[in-house]
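Q: Have a look at this one before I ask anything.
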Amino acid sequence: MTATGEPSRVVILGAGLELATRLLQRLAHDVRITLIDKNESFVFGSSKLNVMFGDTTLDAVRYRYSTVVNPRVEFRHEAVLSIDPVARTVVTAVCTYEADILVVALGAGLDPSATPGLVESGNEFYSPEGADLIRRVLDTFHERVVVIGALGPFFKCPPAPNEAALMLDEYLVARGRRDDVTIYLISPLPSPIPISTETSAAITAMLADRGIRYWPHSRISRLDGAAGTLHLDDGRILKFDLLLGIPVQLAPAVVVRAGLTAVGDITNASVPRAGSIAEGQAANLAEVLISEVTGAPLPPPYAGEATCYIETAEEGVARVDVNFLSGSQPTARFMLRMPRSQPSSGRPCLIARRAGSGHPPSDRRSRPPKGSRGRHCPTRLMLAADCRSNPSQPRRQS
Ligand SMILES: Cc1cc2nc3c(=O)[nH]c(=O)nc-3n(C[C@H](O)[C@H](O)[C@H](O)COP(=O)(O)OP(=O)(O)OC[C@H]3O[C@@H](n4cnc5c(N)ncnc54)[C@H](O)[C@@H]3O)c2cc1C
């Protein structure tokens, strides 16, 4: 609620449903929330792997924002063109928004063109469309050397390339094609999960068991499609037939121009880029905002805690509990061979609860509340600092 007794206008860039849900549950009529996203739907990161290996279809895992909005939440399908952190306004192709509380959660963008040759001669599986294209490529492919490679110095979800390699092995075994294919896994990271020696040892052993050639500390800098070669930045060259790549990742230009960092993958906090971390940051930010609106005490700082599930194909699902910010060093606890049924319910989930849960479900797109725009009130811009996730530390390269 603002000083004038009006509901606070909360504008979340990047359709942050976790934050919206928590604010609605606790502040109800004290907030009006506008979610702005250039996409009309969301796909969980882990679902992209399931799409890629044909376990499901892209349509089945698309979560449309228009189906989850609550009457107190307005979803705007628009691209953010500029953010003014001083005037605290946001310009899209359609209009200008003013907010009392502005949250930037625009994620990390993918830049396939940053790696010469990737667009022409490779594939990427970090976008929903890229994963779906690879599903079709794998259906008919008979190539001999398949490389799963991370192309930038860091990337979201460090376990994902390892999972992709293990799932590719399982996919090929099931189709009787494994003997014809050599699988390489090339990563800039020194080990599969650098924070946990135990997890890394277990994953490295699984890769070795399956004959997957693992090159840690290695980075592909360019592809030469005509020669069929991958070039590493240390001078090594590898012949390949199919590259399944993780493109270079970067902050959206609109955030760079505004000189901002914020919650989720785009934070500058010293945490990995993962949905479970983004969810924890959003939950902490919700508590900070709730305490500011209600006068309740501030919550403890965000601890950088998350649970990460790793699909290991044959062995089932492994679990790592991490904590990046509570102590002097990050910690990790590893558990191998969880029953497969457990993670499906506990899997990191930004939208585990629908926005507006606890209210009557609504399948209508909510209309803009009257007077929700055009007023001038003091506005705060909530950044990682406000989320209290230790932004002063340098960005982690993982
Ligand atoms: C293959 C793969 C597997 C993964 N597996 C897991 C896993 O098992 N567990 C886990 O915790 N994490 C996993 N992740 C990571 C997880 O998906 C991300 O860390 C998480 O989605 C980050 O959330 P975010 O809200 O910060 O950003 P995003 O989810 O990227 O959301 C950002 C939003 O901003 C929107 N946007 C960007 N620019 C603009 C603009 N200019 N205007 C309007 N809207 C804009 C985008 O459309 C997007 O909807 C995986 C990722 C991948 C790719």
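Ligands are numbered from 1 in the order shown, chains are lettered A, B, ... in the order of the structure tokens, and residues start at 1 in each chain.
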Find the spatial neighbours of stretch 92-97 of chain A, counting only C-alpha atoms, within a cut-off of 10 Å - ignore same-chain residues fewer than 2 positions away - and output them as a compact mmCIF listing (two decimals) with N, CA and C atoms, in the first residue's frame.

A:
# COMPACT_ATOMS: atom_id res chain seq x y z
N ARG A 9 1.97 -0.36 -6.89
CA ARG A 9 2.08 -0.91 -8.25
C ARG A 9 3.41 -1.66 -8.35
N VAL A 11 5.74 -3.84 -10.66
CA VAL A 11 5.97 -4.22 -12.05
C VAL A 11 7.15 -5.19 -12.08
N THR A 34 1.93 -6.16 -12.25
CA THR A 34 2.00 -6.26 -13.71
C THR A 34 3.23 -7.08 -14.06
N ILE A 36 5.57 -8.38 -17.13
CA ILE A 36 5.84 -8.06 -18.55
C ILE A 36 6.86 -9.06 -19.08
N ASP A 37 6.51 -9.73 -20.16
CA ASP A 37 7.45 -10.70 -20.76
C ASP A 37 7.28 -10.70 -22.27
N LYS A 38 8.38 -10.81 -22.99
CA LYS A 38 8.31 -10.80 -24.46
C LYS A 38 7.79 -12.13 -24.99
N ARG A 76 1.38 -8.72 -19.42
CA ARG A 76 1.54 -7.97 -20.66
C ARG A 76 2.58 -8.68 -21.52
N HIS A 77 2.14 -9.11 -22.68
CA HIS A 77 3.03 -9.80 -23.62
C HIS A 77 3.74 -8.73 -24.47
N GLU A 78 4.81 -8.16 -23.94
CA GLU A 78 5.51 -7.06 -24.60
C GLU A 78 7.01 -7.16 -24.34
N ALA A 79 7.79 -6.67 -25.27
CA ALA A 79 9.25 -6.63 -25.07
C ALA A 79 9.61 -5.33 -24.36
N VAL A 80 10.45 -5.44 -23.35
CA VAL A 80 10.94 -4.25 -22.65
C VAL A 80 12.05 -3.63 -23.50
N LEU A 81 11.88 -2.35 -23.83
CA LEU A 81 12.87 -1.66 -24.67
C LEU A 81 13.85 -0.85 -23.85
N SER A 82 13.37 -0.26 -22.76
CA SER A 82 14.31 0.48 -21.90
C SER A 82 13.78 0.55 -20.47
N ILE A 83 14.75 0.67 -19.55
CA ILE A 83 14.43 0.77 -18.13
C ILE A 83 15.13 2.03 -17.63
N ARG A 88 12.40 5.46 -12.72
CA ARG A 88 11.71 4.21 -12.39
C ARG A 88 10.53 3.96 -13.32
N THR A 89 10.86 4.04 -14.60
CA THR A 89 9.85 3.75 -15.62
C THR A 89 10.39 2.69 -16.57
N VAL A 90 9.47 2.03 -17.22
CA VAL A 90 9.82 0.97 -18.17
C VAL A 90 9.09 1.24 -19.46
N ALA A 99 6.09 2.36 -11.76
CA ALA A 99 5.89 1.38 -10.69
C ALA A 99 6.27 1.99 -9.35
N LEU A 102 9.70 -1.92 -8.64
CA LEU A 102 10.07 -2.44 -9.96
C LEU A 102 11.08 -3.57 -9.77
N SER A 372 -4.14 2.09 -12.86
CA SER A 372 -2.91 1.38 -12.53
C SER A 372 -1.69 2.01 -13.18
N ARG A 373 -1.90 2.91 -14.08
CA ARG A 373 -0.75 3.58 -14.69
C ARG A 373 -0.96 5.09 -14.67
N GLY A 374 0.11 5.80 -14.86
CA GLY A 374 0.02 7.23 -15.06
C GLY A 374 0.11 8.04 -13.77
N ARG A 375 0.19 7.38 -12.60
CA ARG A 375 0.36 8.16 -11.38
C ARG A 375 1.84 8.28 -11.06

Q: Please identify every polymer residue within 6 Å of ligand 1, using only C-alpha atoms and all ligand atoms, and present the set as number ranges by chain.

A: A: 14, 36-39, 44-46, 48-49, 78-81, 105-108, 126, 156-157, 160, 252, 264-266, 273-276, 278, 308, 348

Q: Check the smallest atom-to-atom distance from each of A:Ala258, A:Val293, A:Ala286, A:Ile134 to A:Leu17 using only C-alpha atoms, then report the winner.

A: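 When distances to A:Leu17 are compared using only C-alpha atoms, the smallest one comes from A:Ala286.
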
Q: Return as number ranges by chain the full set of residues in stretch 219-341 of chain A whose backbone-based DSSP assignment is alpha helix (DSSP H).

A: A: 253-258, 275-294, 341

Q: Just C-alpha atoms for this one: save the residues we selected as a PDB file, in the first residue's frame.

A:
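Writing the result to again.pdb gives the following:
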ATOM      1  CA  ALA A 253      20.927  -5.536 -23.726  1.00  0.00           C
ATOM      2  CA  VAL A 254      18.139  -3.562 -22.084  1.00  0.00           C
ATOM      3  CA  VAL A 255      19.569  -4.391 -18.644  1.00  0.00           C
ATOM      4  CA  VAL A 256      23.158  -3.641 -19.670  1.00  0.00           C
ATOM      5  CA  ARG A 257      22.078  -0.247 -21.054  1.00  0.00           C
ATOM      6  CA  ALA A 258      20.355   0.598 -17.772  1.00  0.00           C
ATOM      7  CA  GLY A 275      15.874 -21.998 -11.479  1.00  0.00           C
ATOM      8  CA  SER A 276      16.028 -23.210  -7.880  1.00  0.00           C
ATOM      9  CA  ILE A 277      18.326 -20.300  -6.992  1.00  0.00           C
ATOM     10  CA  ALA A 278      16.104 -17.829  -8.875  1.00  0.00           C
ATOM     11  CA  GLU A 279      13.139 -19.159  -6.918  1.00  0.00           C
ATOM     12  CA  GLY A 280      14.991 -18.706  -3.607  1.00  0.00           C
ATOM     13  CA  GLN A 281      15.975 -15.151  -4.519  1.00  0.00           C
ATOM     14  CA  ALA A 282      12.386 -14.344  -5.464  1.00  0.00           C
ATOM     15  CA  ALA A 283      11.124 -15.803  -2.186  1.00  0.00           C
ATOM     16  CA  ASN A 284      13.625 -13.714  -0.225  1.00  0.00           C
ATOM     17  CA  LEU A 285      12.796 -10.583  -2.210  1.00  0.00           C
ATOM     18  CA  ALA A 286       9.091 -11.178  -1.512  1.00  0.00           C
ATOM     19  CA  GLU A 287       9.844 -11.222   2.239  1.00  0.00           C
ATOM     20  CA  VAL A 288      11.842  -7.978   1.936  1.00  0.00           C
ATOM     21  CA  LEU A 289       8.987  -6.282   0.081  1.00  0.00           C
ATOM     22  CA  ILE A 290       6.371  -7.646   2.467  1.00  0.00           C
ATOM     23  CA  SER A 291       8.331  -6.346   5.443  1.00  0.00           C
ATOM     24  CA  GLU A 292       8.603  -2.930   3.834  1.00  0.00           C
ATOM     25  CA  VAL A 293       4.907  -2.772   3.089  1.00  0.00           C
ATOM     26  CA  THR A 294       3.735  -4.160   6.457  1.00  0.00           C
ATOM     27  CA  SER A 341       9.473 -40.464  -8.069  1.00  0.00           C
TER      28      SER A 341
END

Q: When DSSP works through the backbone of this structure, what residues of stretch 145-300 of chain A end up as strand (DSSP E or B), shown as a PyMOL selection string?

A: chain A and resi 145-150+182-186+213-215+220-224+229-232+237-239+242-246+248-250

Q: Would you pick out the contacts of A:Ile310 at 7 Å or less, using only C-alpha atoms, so that residues sharing its chain but fewer than 2 positions from it are not included, and give the list as a list in words?

A: Pro159, Glu163, Cys308, Thr312, Val317, Ala318 and Arg319 of chain A

Q: Of the candidates A:Leu185, A:Arg72, A:Asn162, A:Ser127, which one gets nearest to A:Gln25 if we count only C-alpha atoms?

A: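 Closest to A:Gln25 of all the choices is A:Arg72.
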
Q: Produce a table with one row for each residue of stretch 183-277 of chain A that has an atom at most 8 Å from any atom of stretch 144-154 of chain A, each row naming the nearest atom pair and its distance in Å at one decimal; use only C-alpha atoms; arrange rows by chain and rising residue number; format as CSV.

A:
residue,atom,partner,partner_atom,distance
A:Ile183,CA,A:Val146,CA,5.0
A:Tyr184,CA,A:Val147,CA,4.7
A:Leu185,CA,A:Ile148,CA,4.9
A:Ile186,CA,A:Gly149,CA,4.7
A:Ser187,CA,A:Ala150,CA,5.3
A:Pro188,CA,A:Pro153,CA,6.0
A:Leu189,CA,A:Phe154,CA,7.8
A:Arg219,CA,A:Leu151,CA,6.2
A:Ile220,CA,A:Leu151,CA,5.5
A:Ser221,CA,A:Leu151,CA,6.7
A:Lys239,CA,A:Val145,CA,7.6
A:Phe240,CA,A:Val145,CA,5.1
A:Asp241,CA,A:Val145,CA,5.2
A:Leu242,CA,A:Val146,CA,4.8
A:Leu243,CA,A:Val147,CA,4.8
A:Leu244,CA,A:Ile148,CA,4.8
A:Gly245,CA,A:Gly149,CA,4.9
A:Ile246,CA,A:Ala150,CA,4.6
A:Pro247,CA,A:Leu151,CA,5.4
A:Val248,CA,A:Gly152,CA,4.3
A:Gln249,CA,A:Gly152,CA,6.7

Q: Please measure the separation of atom CA of A:Leu166 and atom CA of A:Asp139, giving the value in Å to one decimal.

A: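 Computing the Euclidean distance for atom CA of A:Leu166 and atom CA of A:Asp139 yields 17.2 Å.
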
Q: Please compute the atom CA of A:Arg333-atom CA of A:Pro301 distance, one decimal, in Å.

A: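 Between atom CA of A:Arg333 and atom CA of A:Pro301 the gap works out to 21.2 Å.
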
Q: Measuring between only C-alpha atoms, which one of A:Val31, A:Asn70, A:Glu170, A:Leu24 shows the shortest distance to A:Phe53?

A: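 The shortest atom-to-atom distance to A:Phe53 comes from A:Glu170.
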